[in-house]
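Structure file my_file-v1.cif; described as mmCIF, C-alpha atoms.
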```cif
data_coords
#
loop_
_atom_site.label_atom_id
_atom_site.label_comp_id
_atom_site.auth_asym_id
_atom_site.auth_seq_id
_atom_site.Cartn_x
_atom_site.Cartn_y
_atom_site.Cartn_z
CA MET C 9 52.61 0.73 -14.71
CA LYS C 10 50.97 -2.67 -15.37
CA LEU C 11 48.89 -1.17 -18.16
CA ALA C 12 52.03 0.37 -19.69
CA ILE C 13 53.75 -3.02 -19.51
CA THR C 14 50.86 -4.72 -21.26
CA ILE C 15 50.63 -2.11 -24.00
CA LEU C 16 54.38 -2.22 -24.58
CA PHE C 17 54.31 -5.95 -24.96
CA LEU C 18 51.40 -5.86 -27.38
CA LEU C 19 53.18 -3.27 -29.48
CA SER C 20 56.52 -5.07 -29.51
CA SER C 21 55.07 -8.51 -30.19
CA SER C 22 52.93 -7.09 -33.00
CA LYS C 23 56.10 -5.79 -34.58
CA ALA C 24 57.58 -9.27 -34.38
CA ILE C 25 54.49 -10.78 -35.99
CA ALA C 26 54.68 -8.32 -38.86
CA SER C 27 58.21 -9.35 -39.74
CA ASP C 28 59.17 -12.65 -41.27
CA HIS C 29 61.16 -14.74 -38.83
CA SER C 30 63.37 -15.96 -41.62
CA HIS C 31 65.13 -12.73 -42.39
CA ASP C 32 66.13 -12.00 -45.93
CA HIS C 33 68.68 -9.25 -45.79
CA MET C 34 71.50 -8.24 -46.04
CA ASN C 35 87.28 -23.00 -46.54
CA HIS C 36 84.88 -25.25 -45.14
CA SER C 37 86.10 -28.68 -46.38
CA ASP C 38 82.80 -30.56 -45.95
CA ILE C 39 80.78 -28.80 -48.64
CA MET C 40 78.17 -31.15 -50.09
CA HIS C 41 75.78 -30.76 -52.94
CA HIS C 42 72.16 -30.70 -52.06
CA SER C 43 69.58 -32.56 -54.08
CA HIS C 44 66.32 -30.81 -54.89
CA ASP C 45 64.92 -33.93 -56.55
CA GLY C 46 61.78 -34.98 -54.76
CA HIS C 47 62.63 -32.65 -51.87
CA LEU C 48 64.76 -35.29 -50.23
CA HIS C 49 66.20 -32.90 -47.72
CA GLU C 50 66.69 -35.52 -45.09
CA GLU C 51 69.58 -37.02 -47.01
CA LEU C 52 72.43 -35.47 -48.89
CA VAL C 53 73.74 -36.77 -52.20
CA ASP C 54 76.62 -38.47 -50.43
CA GLY C 55 74.16 -40.38 -48.24
CA GLN C 56 74.86 -38.40 -45.07
CA LYS C 57 71.81 -37.62 -42.95
CA LEU C 58 70.78 -34.01 -42.69
CA GLU C 59 69.55 -33.56 -39.15
CA VAL C 60 67.08 -30.76 -39.61
CA ASP C 61 63.32 -30.51 -39.90
CA PRO C 62 62.81 -31.21 -43.64
CA GLU C 63 59.80 -28.91 -43.98
CA ARG C 64 61.62 -26.07 -42.28
CA PHE C 65 64.64 -26.67 -44.46
CA ASP C 66 62.50 -26.70 -47.62
CA ARG C 67 60.98 -23.37 -46.65
CA PHE C 68 64.41 -21.97 -45.91
CA VAL C 69 65.94 -22.89 -49.27
CA ALA C 70 62.81 -22.28 -51.35
CA ASN C 71 63.92 -18.94 -52.83
CA LEU C 72 67.64 -19.38 -52.45
CA THR C 73 69.98 -19.57 -55.42
CA ASP C 74 73.75 -19.36 -55.66
CA ALA C 75 74.15 -19.88 -51.96
CA GLN C 76 75.79 -22.13 -49.43
CA VAL C 77 73.72 -23.23 -46.47
CA ALA C 78 75.51 -23.99 -43.21
CA VAL C 79 73.54 -26.25 -40.87
CA VAL C 80 75.13 -25.66 -37.48
CA SER C 81 74.51 -27.94 -34.50
CA VAL C 82 74.15 -25.94 -31.30
CA LYS C 83 73.99 -27.00 -27.66
CA GLY C 84 71.97 -25.00 -25.13
CA MET C 85 69.56 -23.45 -27.62
CA VAL C 86 66.49 -24.31 -25.60
CA CYS C 87 64.28 -21.31 -26.24
CA ASP C 88 63.35 -18.83 -28.91
CA PHE C 89 64.18 -15.82 -26.76
CA CYS C 90 67.73 -17.02 -26.11
CA ALA C 91 68.33 -17.83 -29.80
CA ARG C 92 67.49 -14.28 -30.92
CA GLY C 93 71.04 -13.09 -30.35
CA ILE C 94 72.37 -15.70 -32.78
CA GLU C 95 70.22 -14.27 -35.52
CA LYS C 96 71.28 -10.72 -34.67
CA THR C 97 74.97 -11.65 -34.64
CA PHE C 98 74.88 -13.36 -38.04
CA GLN C 99 72.85 -10.52 -39.54
CA LYS C 100 75.90 -8.28 -39.10
CA ASP C 101 77.86 -10.48 -41.54
CA LYS C 102 77.41 -9.08 -45.05
CA SER C 103 77.98 -12.48 -46.65
CA VAL C 104 74.93 -13.88 -44.83
CA LYS C 105 71.75 -13.88 -46.92
CA LYS C 106 69.30 -15.55 -44.58
CA ILE C 107 69.09 -17.14 -41.11
CA ASP C 108 66.68 -19.50 -39.40
CA VAL C 109 66.64 -21.56 -36.23
CA ASP C 110 65.31 -25.10 -35.79
CA LEU C 111 64.71 -25.30 -32.06
CA SER C 112 63.42 -28.87 -32.15
CA LYS C 113 66.65 -30.19 -33.68
CA GLY C 114 69.03 -27.65 -32.14
CA LYS C 115 70.20 -26.32 -35.51
CA VAL C 116 70.93 -22.89 -36.91
CA LEU C 117 70.56 -22.52 -40.67
CA VAL C 118 72.72 -19.83 -42.24
CA ALA C 119 72.67 -19.08 -45.96
CA PHE C 120 75.91 -17.52 -47.18
CA ASP C 121 76.82 -16.06 -50.55
CA LYS C 122 78.06 -18.72 -52.96
CA ASN C 123 81.62 -17.39 -52.85
CA ALA C 124 81.86 -16.72 -49.12
CA ALA C 125 84.51 -18.59 -47.15
CA ILE C 126 82.71 -20.42 -44.36
CA ASN C 127 84.87 -20.75 -41.30
CA PHE C 128 83.55 -23.01 -38.53
CA GLU C 129 85.81 -21.39 -35.92
CA ASP C 130 84.28 -18.02 -36.73
CA ILE C 131 80.79 -19.53 -36.52
CA LYS C 132 81.64 -21.08 -33.15
CA LYS C 133 82.71 -17.65 -31.86
CA LYS C 134 79.48 -16.06 -33.06
CA ILE C 135 77.39 -18.76 -31.36
CA LEU C 136 79.44 -18.49 -28.16
CA ALA C 137 78.89 -14.71 -28.13
CA ASN C 138 75.27 -15.63 -27.56
CA GLY C 139 76.19 -18.06 -24.77
CA GLN C 140 75.67 -21.34 -26.64
CA ASN C 141 78.09 -23.90 -28.07
CA ALA C 142 78.36 -24.88 -31.74
CA THR C 143 79.35 -28.53 -31.98
CA GLY C 144 79.20 -29.36 -35.67
CA ILE C 145 78.49 -28.07 -39.14
CA GLN C 146 77.27 -29.34 -42.48
CA VAL C 147 77.55 -27.08 -45.52
CA LEU C 148 75.36 -27.54 -48.56
CA SER C 149 75.71 -25.86 -51.92
CA ILE C 150 72.36 -24.65 -53.31
CA MET D 2 43.01 -2.16 -14.03
CA GLY D 3 40.46 -4.91 -13.48
CA ILE D 4 41.24 -8.58 -13.70
CA LYS D 5 38.84 -9.09 -16.59
CA THR D 6 40.43 -6.30 -18.59
CA MET D 7 43.87 -7.73 -17.93
CA LEU D 8 42.79 -11.23 -18.96
CA ILE D 9 41.23 -9.90 -22.13
CA LEU D 10 44.43 -8.05 -22.98
CA ILE D 11 46.45 -11.17 -22.34
CA SER D 12 44.19 -13.33 -24.46
CA LEU D 13 44.31 -10.79 -27.28
CA ALA D 14 48.05 -10.69 -27.20
CA VAL D 15 49.88 -12.84 -29.69
CA LEU D 16 52.95 -13.38 -27.65
CA ASP D 17 56.26 -15.45 -26.85
CA ALA D 18 58.98 -16.06 -23.30
CA SER D 19 62.16 -16.78 -21.28
CA ALA D 20 63.85 -14.22 -19.06
CA ARG D 21 67.56 -13.84 -18.65
CA PRO D 22 69.48 -11.21 -16.72
CA ILE D 23 72.26 -11.09 -19.31
CA SER D 24 71.77 -10.71 -23.04
CA TYR D 25 73.99 -11.75 -25.94
CA SER D 26 77.27 -9.88 -26.55
CA GLY D 27 76.45 -6.31 -27.46
CA GLY D 28 72.78 -6.72 -26.56
CA HIS D 29 70.59 -4.14 -24.85
CA THR D 30 67.63 -5.04 -22.63
CA LEU D 31 64.79 -2.97 -21.25
CA MET D 32 62.74 -4.38 -18.39
CA MET D 33 59.72 -3.05 -16.55
CA PHE D 34 58.44 -4.65 -13.39
CA SER D 35 55.47 -3.91 -11.18
CA ASP D 36 54.12 -5.58 -8.05
CA ASN D 37 52.76 -4.59 -4.63
CA MET D 38 56.25 -3.61 -3.40
CA LYS D 39 57.62 -1.56 -6.29
CA ASP D 40 57.44 -0.33 -9.84
CA SER D 41 60.77 -0.36 -11.66
CA ILE D 42 62.36 0.29 -15.02
CA TYR D 43 65.67 -1.43 -15.65
CA TYR D 44 67.96 -1.03 -18.65
CA HIS D 45 71.10 -3.09 -19.06
CA PHE D 46 73.84 -3.63 -21.61
CA SER D 47 75.80 -6.87 -22.01
CA PRO D 48 79.38 -6.35 -23.27
CA THR D 49 79.66 -10.14 -23.37
CA TYR D 50 77.28 -13.01 -22.64
CA LYS D 51 79.02 -13.31 -19.24
CA PHE D 52 77.94 -10.05 -17.64
CA SER D 53 75.66 -7.06 -17.86
CA VAL D 54 75.69 -3.57 -16.39
CA GLY D 55 72.73 -1.28 -16.09
CA ILE D 56 70.60 1.14 -14.19
CA GLU D 57 67.30 0.51 -12.44
CA THR D 58 64.93 3.28 -11.41
CA ILE D 59 62.54 2.27 -8.65
CA LYS D 60 59.35 3.65 -7.18
CA ASP D 61 59.28 1.86 -3.84
CA HIS D 62 55.72 1.44 -2.54
CA TYR D 63 56.75 -0.06 0.80
CA PHE D 64 59.16 2.71 1.83
CA ASP D 65 57.36 5.37 -0.20
CA ASP D 66 60.62 6.37 -1.84
CA ASN D 67 62.16 6.80 -5.29
CA TYR D 68 65.75 5.81 -6.01
CA SER D 69 68.04 4.27 -8.63
CA PHE D 70 70.50 1.42 -8.57
CA LEU D 71 73.61 0.91 -10.65
CA ARG D 72 73.46 -2.84 -11.23
CA GLY D 73 75.71 -5.60 -12.41
CA THR D 74 75.08 -9.28 -13.11
CA TYR D 75 77.69 -11.95 -13.75
CA LEU D 76 77.21 -15.42 -15.17
CA VAL D 77 79.13 -17.69 -12.81
CA ASN D 78 78.36 -20.96 -14.50
CA ARG D 79 76.49 -22.20 -17.54
CA LYS D 80 76.05 -25.76 -18.72
CA ASN D 81 74.74 -26.25 -22.24
CA THR D 82 73.56 -29.66 -23.38
CA GLN D 83 71.65 -30.73 -26.46
CA HIS D 84 68.30 -30.34 -24.71
CA SER D 85 68.91 -28.15 -21.68
CA GLN D 86 70.68 -25.16 -20.26
CA ARG D 87 71.63 -24.48 -16.63
CA ASN D 88 72.73 -21.08 -15.34
CA LEU D 89 74.00 -19.60 -12.11
CA TYR D 90 74.28 -15.82 -11.74
CA ILE D 91 75.40 -13.38 -9.09
CA GLN D 92 74.12 -9.83 -9.03
CA SER D 93 74.67 -6.66 -7.06
CA GLY D 94 73.58 -3.04 -7.08
CA ILE D 95 74.27 0.20 -5.32
CA SER D 96 72.05 3.24 -5.01
CA ILE D 97 73.16 6.32 -6.90
CA GLU D 98 71.67 8.58 -4.23
CA ASP D 99 72.93 6.77 -1.12
CA ILE D 100 75.60 4.08 -1.10
CA SER D 101 74.18 2.61 2.12
CA SER D 102 71.33 1.36 -0.08
CA ASN D 103 72.59 -1.67 -1.92
CA PHE D 104 71.88 -5.30 -2.64
CA TYR D 105 73.55 -8.51 -3.68
CA GLY D 106 72.13 -11.85 -4.62
CA ILE D 107 72.32 -15.09 -6.50
CA HIS D 108 69.93 -16.78 -8.82
CA GLY D 109 69.88 -19.81 -11.00
CA ASP D 110 67.77 -21.69 -13.48
CA TRP D 111 67.61 -24.89 -15.46
CA GLU D 112 65.42 -25.26 -18.48
CA THR D 113 64.56 -27.46 -21.37
CA ARG D 114 62.08 -26.60 -24.07
CA ARG D 115 59.38 -28.14 -21.87
CA TRP D 116 60.45 -27.51 -18.26
CA PHE D 117 61.79 -24.60 -16.26
CA VAL D 118 63.09 -24.46 -12.69
CA GLY D 119 64.49 -21.28 -11.16
CA PHE D 120 65.34 -19.72 -7.83
CA GLY D 121 66.68 -16.44 -6.44
CA LEU D 122 68.02 -15.04 -3.18
CA LYS D 123 68.61 -11.33 -2.67
CA LYS D 124 69.88 -9.36 0.36
CA LEU D 125 69.00 -5.69 0.44
CA SER D 126 70.00 -2.83 2.71
CA ASN D 127 68.94 0.76 3.03
CA LYS D 128 69.49 3.44 5.62
CA THR D 129 66.81 2.06 7.92
CA ILE D 130 66.67 -1.74 7.55
CA ASP D 131 68.24 -4.87 6.07
CA TYR D 132 65.88 -7.35 4.47
CA ASP D 133 65.87 -10.20 1.99
CA GLN D 134 63.86 -11.65 -0.84
CA GLN D 135 63.64 -15.27 -1.97
CA HIS D 136 61.76 -16.92 -4.76
CA ALA D 137 61.46 -20.23 -6.57
CA GLN D 138 59.67 -20.96 -9.80
CA LEU D 139 58.61 -24.12 -11.63
CA GLY D 140 57.19 -23.98 -15.13
CA VAL D 141 55.97 -26.11 -17.97
CA ALA D 142 55.42 -25.17 -21.60
CA PRO D 143 51.98 -26.47 -22.64
CA TYR D 144 53.16 -26.77 -26.25
CA LEU D 145 56.55 -26.54 -27.98
CA GLY D 146 56.54 -23.62 -30.35
CA GLU D 147 59.02 -23.21 -33.16
CA TYR D 148 61.29 -20.26 -33.75
CA GLY D 149 59.18 -17.18 -34.37
CA ASP D 150 56.02 -18.60 -32.78
CA LEU D 151 54.29 -17.34 -29.70
CA HIS D 152 55.75 -19.26 -26.75
CA THR D 153 53.84 -19.81 -23.53
CA TRP D 154 54.84 -20.95 -20.06
CA ILE D 155 52.55 -21.85 -17.20
CA MET D 156 54.39 -21.51 -13.93
CA ILE D 157 53.99 -21.63 -10.23
CA LYS D 158 56.01 -19.13 -8.23
CA THR D 159 56.60 -18.94 -4.52
CA LYS D 160 58.24 -15.89 -2.98
CA LYS D 161 58.99 -14.36 0.37
CA ASN D 162 60.02 -10.85 1.32
CA SER D 163 61.20 -10.62 4.93
CA LEU D 164 59.44 -7.26 5.19
CA ASN D 165 56.13 -9.05 4.72
CA GLY D 166 56.93 -12.34 6.42
CA ASP D 167 55.07 -15.23 4.87
CA TRP D 168 55.71 -17.12 1.68
CA SER D 169 53.15 -16.51 -1.04
CA THR D 170 52.59 -18.97 -3.84
CA TYR D 171 50.70 -18.14 -7.01
CA PRO D 172 50.39 -18.92 -10.72
CA VAL D 173 52.42 -17.07 -13.32
CA PHE D 174 51.82 -16.93 -17.05
CA LYS D 175 54.71 -16.07 -19.30
CA PHE D 176 54.56 -15.30 -23.01
CA PHE D 177 57.24 -14.37 -25.49
CA LYS D 178 57.44 -13.61 -29.14
CA GLY D 179 60.37 -12.23 -31.05
CA ASN D 180 62.32 -9.90 -28.81
CA ALA D 181 59.49 -9.25 -26.35
CA LEU D 182 58.51 -11.13 -23.22
CA ILE D 183 55.74 -10.55 -20.74
CA GLU D 184 54.93 -12.30 -17.48
CA PHE D 185 51.89 -11.96 -15.24
CA GLY D 186 51.37 -13.46 -11.83
CA TYR D 187 48.35 -13.14 -9.59
CA ASN D 188 48.13 -13.57 -5.85
CA ASN D 189 45.04 -12.65 -3.83
CA LYS D 190 47.26 -11.10 -1.14
CA THR D 191 49.69 -9.17 -3.30
CA GLU D 192 47.52 -8.93 -6.42
CA TRP D 193 49.19 -8.57 -9.83
CA ASP D 194 52.86 -8.93 -10.69
CA ALA D 195 53.73 -7.81 -14.19
CA HIS D 196 57.09 -8.06 -15.91
CA TYR D 197 57.99 -6.92 -19.40
CA MET D 198 61.29 -7.42 -21.21
CA TYR D 199 62.47 -6.24 -24.60
CA ARG D 200 65.83 -6.96 -26.18
CA PHE D 201 67.44 -4.97 -28.93
#
```
Just give me the structure as C-alpha cells.
Amino acid sequence: MKLAITILFLLSSSKAIASDHSHDHMNHSDIMHHSHDGHLHEELVDGQKLEVDPERFDRFVANLTDAQVAVVSVKGMVCDFCARGIEKTFQKDKSVKKIDVDLSKGKVLVAFDKNAAINFEDIKKKILANGQNATGIQVLSI
Amino acid sequence: MGIKTMLILISLAVLDASARPISYSGGHTLMMFSDNMKDSIYYHFSPTYKFSVGIETIKDHYFDDNYSFLRGTYLVNRKNTQHSQRNLYIQSGISIEDISSNFYGIHGDWETRRWFVGFGLKKLSNKTIDYDQQHAQLGVAPYLGEYGDLHTWIMIKTKKNSLNGDWSTYPVFKFFKGNALIEFGYNNKTEWDAHYMYRF
C-alpha cells in the first residue's frame, strides 16, 4: 500500500510538473489602462498601486493581447493546494484566457477576453465556491 | 519497503502539500492511507465547499477485517484572513456492512503559509468494542513556495489510539505539487504512516 501511495504521488506530481501552472486555454467600472513602458507594473497609469508581484505579473501578461486582466484580492488563500479549485472554477468560464495565483500577495490574476463583461459579484461567488473570500478587484486593459 | 528505499523515493519526488477533508464546490478527492492499524482508500465528492460525502474502504490490521464506511464531513466554521485560515470540521461514517460499526469526530486546523496547527478527535464503534483516536500536529514550511512550486512541510505529530494506549510522537514530512499531496511519518513503534491525496 505504501509503495502504491508513493508511486501514485510521483506519477501525479510529474503530471503537474509537465504542465504550465499558468494555464492558457480556453461592467466593471474600475477598468484602468496598463502601461508597458519600462515594465512599471507596480503602478498603473492613474497612479494607483498594483499590489501584485511585478515579476509574476510581467510573466502573466507577456503574451497577452486584447485582454482585460482582473487582479482579485483574496482572503484565506494560504496554500497552493487550496487555491487549485479557484483555477479550476475560472477555467470553466469561456471568456477566461489565463489564470495565475500570487500566494505571497493573496491575489488571483484572471485574463478575460477584451469584450467580456467582468462582474465582481460573479467573481466573488467563484472564489467563495472554493471557500475563500474575494475582497477587492482591479481591472487592467492590456 | 525499506527505509532507505522510501527516503530515496521521497528525495527523488518533485512534490507539493496541505490536506483538507472537503474540496472546492464540485471537486472530487481520492485519498489513500496506510499505517500499522489500517490501509484505506477514500473517495469523496464535495457538492459545496461546506461538505463532502464519500466512501472509504478499509483493510483493518488490528481487527483483521475488511469493511467500508459511508462518510460525511461538514465545515462548521471557517475564518479567512489575509494571511491565515482557520477551520473546524465535524465528520461521521457508518459501515455499509454493519450499522453498529460507525464513527463520529471533530477536527480543526489553523494555518498560514509558514505555520500549521491541527488536531482531531474521533470516536469509533464496532460490534465488539468502542474506542477513540486523537491526534495533534504542528508544522512549519521551511521555505515559501509560489503557486505551482513544490511545497514542503516539516511537522511533528502526536497521536493516541485507545486500542494501543500510549501517545506516540513522531516527525511527518508533507509534500504537495499541483493536485497531488503526499505525507510520510515515521515512528519506531508504529513504523511508517503514508497518506496520499489527489484532487480532480
Residues of chain C within 8 Å of chain D, counting only C-alpha atoms, as a tab-separated table (two decimals) with C-alpha atoms, keeping the file's coordinate frame:
```
chain	number	residue	atom	x	y	z
C	9	MET	CA	52.61	0.73	-14.71
C	10	LYS	CA	50.97	-2.67	-15.37
C	11	LEU	CA	48.89	-1.17	-18.16
C	13	ILE	CA	53.75	-3.02	-19.51
C	14	THR	CA	50.86	-4.72	-21.26
C	16	LEU	CA	54.38	-2.22	-24.58
C	17	PHE	CA	54.31	-5.95	-24.96
C	18	LEU	CA	51.40	-5.86	-27.38
C	20	SER	CA	56.52	-5.07	-29.51
C	21	SER	CA	55.07	-8.51	-30.19
C	22	SER	CA	52.93	-7.09	-33.00
C	24	ALA	CA	57.58	-9.27	-34.38
C	25	ILE	CA	54.49	-10.78	-35.99
C	29	HIS	CA	61.16	-14.74	-38.83
C	82	VAL	CA	74.15	-25.94	-31.30
C	83	LYS	CA	73.99	-27.00	-27.66
C	84	GLY	CA	71.97	-25.00	-25.13
C	85	MET	CA	69.56	-23.45	-27.62
C	86	VAL	CA	66.49	-24.31	-25.60
C	87	CYS	CA	64.28	-21.31	-26.24
C	88	ASP	CA	63.35	-18.83	-28.91
C	89	PHE	CA	64.18	-15.82	-26.76
C	90	CYS	CA	67.73	-17.02	-26.11
C	92	ARG	CA	67.49	-14.28	-30.92
C	93	GLY	CA	71.04	-13.09	-30.35
C	108	ASP	CA	66.68	-19.50	-39.40
C	109	VAL	CA	66.64	-21.56	-36.23
C	110	ASP	CA	65.31	-25.10	-35.79
C	111	LEU	CA	64.71	-25.30	-32.06
C	112	SER	CA	63.42	-28.87	-32.15
C	114	GLY	CA	69.03	-27.65	-32.14
C	137	ALA	CA	78.89	-14.71	-28.13
C	138	ASN	CA	75.27	-15.63	-27.56
C	139	GLY	CA	76.19	-18.06	-24.77
C	140	GLN	CA	75.67	-21.34	-26.64
C	141	ASN	CA	78.09	-23.90	-28.07
```
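Atom pair atom CA of C:Gln76 / atom CA of C:Lys105: separated by 9.5 Å.
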**Prompt:** Just so the selection is clear, what residues does the PyMOL selection byres ((chain D and resi 78) around 6) cover here, as a list of chain:residue names?
**Reply:** D:Leu76, D:Val77, D:Arg79, D:Asn88, D:Leu89
**Item:** Resolved residues for the PyMOL selection byres ((chain D and resi 118) around 6) as a list in words
**Value:** Asp110, Trp111, Phe117, Gly119, Gln138 and Leu139 of chain D
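Residues captured in this structure file are D:Ile23, D:Phe46, D:Ser47, D:Phe52, D:Val54, D:Gly73, D:Thr74, according to the PyMOL selection byres ((chain D and resi 53) around 6).
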**Prompt:** Separation of atom CA of C:Arg67 and atom CA of C:Leu117, in Å?
**Reply:** 11.3 Å
**Message:** To one decimal place in Å, what is the distance between atom CA of D:Tyr105 and atom CA of D:Lys158?
**Reply:** 21.0 Å
**Message:** Counting all atoms listed in the file, find residues at most 9 Å from (66.5, -16.3, -2.8) (file frame) and give them as a VMD selection string.
**Reply:** chain D and resid 106 to 108 120 to 124 133 to 137 160 to 161
Give, as JSON, the centre coordinates and the x, y and z edge lengths in Å to one decimal for an axis-aligned box around all listed atoms of stretch 181-187 of chain D, padded by 8 Å on each side.
```
{"center_x": 53.9, "center_y": -11.4, "center_z": -18.0, "size_x": 27.1, "size_y": 20.2, "size_z": 32.8}
```
**Prompt:** Counting all atoms listed in the file, what is within 10 Å of C:Thr73, bar same-chain residues fewer than 3 positions away, as a PyMOL selection string?
**Reply:** chain C and resi 69-70+76+119+121-122+149-150
**Asked** Near D:Glu98, counting only C-alpha atoms, which residues have an atom at most 8 Å away, once you skip same-chain residues fewer than 2 positions from it, shown as a PyMOL selection string?
**Response** chain D and resi 68-69+96+100
**Asked** Taking all atoms listed in the file into account, which of C:Lys96, C:Phe68, C:Ala78, C:Lys57 comes nearest D:His29?
**Response**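 For D:His29, the nearest of the given residues is C:Lys96.
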**Request:** Kindly indicate which residue among D:Gly55, D:Gly186, D:Pro22, D:Gly166 lies nearest to D:Tyr90, using all atoms listed in the file for the distances.
**Result:**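 Between D:Gly55, D:Gly186, D:Pro22, D:Gly166, the residue approaching D:Tyr90 most closely is D:Pro22.
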Write stretch 63-87 of chain C as a tab-separated table (two decimals), in the coordinates of the input, completed to N, CA and C atoms.
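As written to disk, rebuild-v6.tsv reads:
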```tsv
chain	number	residue	atom	x	y	z
C	63	GLU	N	60.74	-29.95	-43.51
C	63	GLU	CA	59.80	-28.91	-43.98
C	63	GLU	C	60.39	-27.52	-43.75
C	64	ARG	N	61.02	-27.37	-42.59
C	64	ARG	CA	61.62	-26.07	-42.28
C	64	ARG	C	62.77	-25.79	-43.26
C	65	PHE	N	63.53	-26.83	-43.54
C	65	PHE	CA	64.64	-26.67	-44.46
C	65	PHE	C	64.14	-26.31	-45.86
C	66	ASP	N	63.08	-27.00	-46.30
C	66	ASP	CA	62.50	-26.70	-47.62
C	66	ASP	C	62.06	-25.24	-47.72
C	67	ARG	N	61.42	-24.77	-46.65
C	67	ARG	CA	60.98	-23.37	-46.65
C	67	ARG	C	62.19	-22.43	-46.70
C	68	PHE	N	63.22	-22.83	-45.99
C	68	PHE	CA	64.41	-21.97	-45.91
C	68	PHE	C	65.10	-21.82	-47.27
C	69	VAL	N	65.19	-22.94	-48.01
C	69	VAL	CA	65.94	-22.89	-49.27
C	69	VAL	C	65.05	-22.57	-50.48
C	70	ALA	N	63.75	-22.41	-50.23
C	70	ALA	CA	62.81	-22.28	-51.35
C	70	ALA	C	63.21	-21.21	-52.36
C	71	ASN	N	63.60	-20.04	-51.90
C	71	ASN	CA	63.92	-18.94	-52.83
C	71	ASN	C	65.41	-18.65	-52.91
C	72	LEU	N	66.19	-19.60	-52.45
C	72	LEU	CA	67.64	-19.38	-52.45
C	72	LEU	C	68.27	-19.90	-53.73
C	73	THR	N	69.15	-19.10	-54.30
C	73	THR	CA	69.98	-19.57	-55.42
C	73	THR	C	71.40	-19.08	-55.19
C	74	ASP	N	72.34	-19.76	-55.78
C	74	ASP	CA	73.75	-19.36	-55.66
C	74	ASP	C	74.14	-19.10	-54.21
C	75	ALA	N	73.86	-20.06	-53.39
C	75	ALA	CA	74.15	-19.88	-51.96
C	75	ALA	C	74.74	-21.16	-51.38
C	76	GLN	N	75.36	-20.98	-50.23
C	76	GLN	CA	75.79	-22.13	-49.43
C	76	GLN	C	74.98	-22.07	-48.13
C	77	VAL	N	74.48	-23.20	-47.72
C	77	VAL	CA	73.72	-23.23	-46.47
C	77	VAL	C	74.52	-24.01	-45.43
C	78	ALA	N	74.83	-23.33	-44.33
C	78	ALA	CA	75.51	-23.99	-43.21
C	78	ALA	C	74.45	-24.43	-42.21
C	79	VAL	N	74.44	-25.71	-41.90
C	79	VAL	CA	73.54	-26.25	-40.87
C	79	VAL	C	74.42	-26.49	-39.63
C	80	VAL	N	74.24	-25.64	-38.64
C	80	VAL	CA	75.13	-25.66	-37.48
C	80	VAL	C	74.42	-26.30	-36.30
C	81	SER	N	75.05	-27.30	-35.70
C	81	SER	CA	74.51	-27.94	-34.50
C	81	SER	C	74.90	-27.12	-33.29
C	82	VAL	N	73.91	-26.82	-32.44
C	82	VAL	CA	74.15	-25.94	-31.30
C	82	VAL	C	73.61	-26.57	-30.02
C	83	LYS	N	74.43	-26.53	-28.99
C	83	LYS	CA	73.99	-27.00	-27.66
C	83	LYS	C	73.52	-25.81	-26.83
C	84	GLY	N	72.46	-26.03	-26.06
C	84	GLY	CA	71.97	-25.00	-25.13
C	84	GLY	C	70.95	-24.06	-25.73
C	85	MET	N	70.53	-24.33	-26.96
C	85	MET	CA	69.56	-23.45	-27.62
C	85	MET	C	68.15	-23.95	-27.30
C	86	VAL	N	67.72	-23.69	-26.08
C	86	VAL	CA	66.49	-24.31	-25.60
C	86	VAL	C	65.27	-23.41	-25.74
C	87	CYS	N	65.47	-22.16	-26.09
C	87	CYS	CA	64.28	-21.31	-26.24
C	87	CYS	C	64.50	-20.26	-27.32
```
